[in-house]
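Reviewing the structure listed below.
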Amino acid sequence: MELKSDNIQDRPEQQQQQMQQQQQEQQEQQHFHVLAVDDSVIDRKLLEKLLKVSSYQVTCVDSGDKALEYLGLLNNLDCHSTSSSSSCSQSSQQEGLKVNLIMTDFCMPGMSGYDLLKRVKGSSWKDVPVVVMSSENVPSRISMCLEGGAEEFLLKPLQLSDLDKIQAYLVKSLDHSCTNMDKDLIGDNNDNDDNSNNNYSEDSNNDNGNSNNSNNNFSKRKAISSEATERRPKMKGVAVIV
Amino acid sequence: MDVVKLQKQLVDYRASLYHEAFLDEQFTQLQELQDENNPDFVVEVVSLFFEDSERLLNELAKALEQQSIDFKRVDAHVHQLKGSSSSIGAQRVQKVCITFRNYCEEQNVEGCLKCLQQVKHEYSLVKTKLETMFKILAAGGSIPM
């Protein structure tokens with residue numbers, strides 16, 4: 001990707017704006033903030049390193065309760081986006097707390113990763129993608145988590161290649177946080193929600209090892225929402241959170 | 001200090017650890033995560049593993065000494081040990097943990113005690129091996145990848 005080598009001044013204004021937006025996105029991409037939840041000190045250290053190596057910001061906590069506390073959800077049992085409770089649960093968001101992804105272990109003493117998942121999905125943080133991890137490959141557990149709203153279920157021990165899958169969800173979540181960006185594109189994405197069978201040429205490129213190519217970000221958004229559905233056959237009949 | 005000799009010694013030693021299944025590819029992953037910003041990453045993670053394992057082994061010994069054994073508690077500890085050994089690639093320790101958990105499920109005291117001895121043994125073996133490897137590392141510098 002050679003944005004910087006182009007002569008920006010020579011390009012028409014609209015393109016300039018687009019390029020600036022792309023550059024901004026690139027920077028934001030590098031500062032995605034992940035909340036990692038795991039009771040094992042070794043797994044926390046590993047996960048933190050994996051995420052940092054992939055240029056994400058990381059906050060690690062050792063329990064579901066601590067995660068809820070961090071998200072400002074501990075004292076608010078019902079954090080649905082109704083008018084009364086939305087103000088208190090959004091206050092932590094208004095303070096500038098940004099969480100782009102939550103990664104949680106499944107088996108934890110006290111609150112399990114699944115419990116945490118349900119709490120998050122029932123709160124004002126429901127649009128934040130949640131990834132569940134486990135050392136055990138139990139199909140019923142996996143479907144339970146996916147049906148509970150988890151984006152992905154990863155088997156431990158995690159490897160760098162698993163982080164590629166995560167990147168897809170983070171780019172997707174950028175759709176929800178952008179307000180000033182090209183609204184036409186957001187409109188397009190909404191139209192695509194029902195259109196899970198779109199085949200874009202970018203799909204094959206995006207399959208494994210997503211390139212960090214922000215150039216394709218705008219077109220990548222569409223490809224990823226359809227790709228995400230295709231990649232998870234177990235999600236039949238379950239609404240994909242886009 | 002003949003660095004080349006040391007490096008060869010290191011490579012050979014490390015290869016033997018994989019060959020004898022003390023370590024598996026997860027350990028390689030750890031090494032791949034290490035970089036100039038964090039040159040002690042592997043040593044740090046492994047040290048955490050040592051501390052954590054020793055704590056768990058003590059807890060296991062205590063739990064199995066009880067008059068009335070709480071197998072759920074024993075299982076929880078073994079589960080943790082299995083997880084951490086898997087995370088650093090200590091394959092033989094992990095394997096014993098799997099058997100150990102089966103005995104917990106069956107509430108088989110003898111089986112559990114046997115496994116405890118086995119897991120202690122495997123743990124001390126891999127600990128010695130890793131410590132030796134770190135010594136060679138310290139003497140010779142970096143691991144040629």
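Ligands are numbered from 1 in the order shown, chains are lettered A, B, ... in the order of the structure tokens, and residues start at 1 in each chain.
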
Give me the residues within 9 Å of Val41 (chain A) as a PDB file with N, CA and C atoms, in the first residue's frame, counting only C-alpha atoms and dropping any in the same chain fewer than 5 places off.
```
ATOM      1  N   LEU A  46       0.531 -14.601  27.977  1.00  0.00           N
ATOM      2  CA  LEU A  46       0.619 -15.038  26.580  1.00  0.00           C
ATOM      3  C   LEU A  46      -0.296 -14.208  25.689  1.00  0.00           C
ATOM      4  N   ASP A  62      -8.410 -10.592  35.643  1.00  0.00           N
ATOM      5  CA  ASP A  62      -8.351 -12.013  35.947  1.00  0.00           C
ATOM      6  C   ASP A  62      -9.703 -12.660  36.271  1.00  0.00           C
TER       7      ASP A  62
ATOM      8  N   LEU B  48       6.986 -18.112  35.293  1.00  0.00           N
ATOM      9  CA  LEU B  48       5.608 -18.072  35.799  1.00  0.00           C
ATOM     10  C   LEU B  48       5.043 -19.475  35.889  1.00  0.00           C
ATOM     11  N   PHE B  49       5.353 -20.263  34.862  1.00  0.00           N
ATOM     12  CA  PHE B  49       4.893 -21.643  34.827  1.00  0.00           C
ATOM     13  C   PHE B  49       5.455 -22.432  36.006  1.00  0.00           C
ATOM     14  N   ASP B  52       3.675 -21.242  39.215  1.00  0.00           N
ATOM     15  CA  ASP B  52       2.278 -21.658  39.227  1.00  0.00           C
ATOM     16  C   ASP B  52       2.165 -23.161  39.449  1.00  0.00           C
ATOM     17  N   SER B  84      -1.932 -24.649  31.876  1.00  0.00           N
ATOM     18  CA  SER B  84      -0.675 -23.894  31.816  1.00  0.00           C
ATOM     19  C   SER B  84       0.428 -24.690  31.137  1.00  0.00           C
TER      20      SER B  84
END
```

### Message
as a ChimeraX atom specification, could you give me every residue of chain B near chain A (at most 8 Å apart, counting only C-alpha atoms)?
### Response
/B:26,29,33,45,48-49,80,83-84,86-87

Output file for the selection above: N, CA and C atoms, as a PDB file, in the first residue's frame:
```
ATOM      1  N   GLN B  26       4.063 -25.599  20.744  1.00  0.00           N
ATOM      2  CA  GLN B  26       3.613 -24.402  21.452  1.00  0.00           C
ATOM      3  C   GLN B  26       4.815 -23.643  22.014  1.00  0.00           C
ATOM      4  N   GLN B  29       6.087 -21.406  19.454  1.00  0.00           N
ATOM      5  CA  GLN B  29       5.258 -20.199  19.385  1.00  0.00           C
ATOM      6  C   GLN B  29       5.749 -19.154  20.373  1.00  0.00           C
ATOM      7  N   LEU B  33       7.281 -15.290  19.698  1.00  0.00           N
ATOM      8  CA  LEU B  33       6.713 -14.054  20.241  1.00  0.00           C
ATOM      9  C   LEU B  33       7.770 -13.160  20.867  1.00  0.00           C
ATOM     10  N   VAL B  45       7.800 -16.217  30.960  1.00  0.00           N
ATOM     11  CA  VAL B  45       6.633 -17.102  30.922  1.00  0.00           C
ATOM     12  C   VAL B  45       6.950 -18.429  31.595  1.00  0.00           C
ATOM     13  N   LEU B  48       6.986 -18.112  35.293  1.00  0.00           N
ATOM     14  CA  LEU B  48       5.608 -18.072  35.799  1.00  0.00           C
ATOM     15  C   LEU B  48       5.043 -19.475  35.889  1.00  0.00           C
ATOM     16  N   PHE B  49       5.353 -20.263  34.862  1.00  0.00           N
ATOM     17  CA  PHE B  49       4.893 -21.643  34.827  1.00  0.00           C
ATOM     18  C   PHE B  49       5.455 -22.432  36.006  1.00  0.00           C
ATOM     19  N   GLN B  80      -6.144 -26.613  35.823  1.00  0.00           N
ATOM     20  CA  GLN B  80      -5.272 -25.445  35.717  1.00  0.00           C
ATOM     21  C   GLN B  80      -3.878 -25.844  35.264  1.00  0.00           C
ATOM     22  N   GLY B  83      -3.852 -26.742  31.679  1.00  0.00           N
ATOM     23  CA  GLY B  83      -3.914 -25.535  30.856  1.00  0.00           C
ATOM     24  C   GLY B  83      -2.580 -24.830  30.746  1.00  0.00           C
ATOM     25  N   SER B  84      -1.932 -24.649  31.876  1.00  0.00           N
ATOM     26  CA  SER B  84      -0.675 -23.894  31.816  1.00  0.00           C
ATOM     27  C   SER B  84       0.428 -24.690  31.137  1.00  0.00           C
ATOM     28  N   SER B  86      -0.006 -26.823  28.805  1.00  0.00           N
ATOM     29  CA  SER B  86      -0.330 -26.768  27.382  1.00  0.00           C
ATOM     30  C   SER B  86       0.075 -25.424  26.781  1.00  0.00           C
ATOM     31  N   SER B  87      -0.120 -24.364  27.538  1.00  0.00           N
ATOM     32  CA  SER B  87       0.200 -23.029  27.039  1.00  0.00           C
ATOM     33  C   SER B  87       1.676 -22.805  26.803  1.00  0.00           C
TER      34      SER B  87
END
```

### Query
Can you list, as a PyMOL selection string, every residue of chain B that DSSP puts in alpha helix (DSSP H)?
chain B and resi 3-19+25-33+41-65+71-88+91-106+109-140

### Task
Return the single residue from A:Leu154, A:Met19, A:Leu35, A:Ile166 that is closest to Val99 (chain A), with distances computed using only C-alpha atoms.
A:Leu35

#### Entry: Gap from CA of Cys97 (chain B) to CA of Lys127 (chain B) - Å, one decimal
16.2 Å

### Task
Quick one: everything within 12 Å of Glu65 (chain B), counting only C-alpha atoms, minus sequence neighbours fewer than 4 positions away in the same chain. Send it as a list in words.
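That gives Asn58, Glu59, Leu60, Ala61, Ile69, Asp70, Phe71, Val74, Val109, Glu110, Cys112, Leu113 and Leu116 of chain B.
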
### Message
List as a count of residues only the protein and nucleic acid residues near Gly111 (chain B), meaning an atom at most 12 Å away when only C-alpha atoms are counted, but skip any in the same chain fewer than 6 places from it.
### Response
12
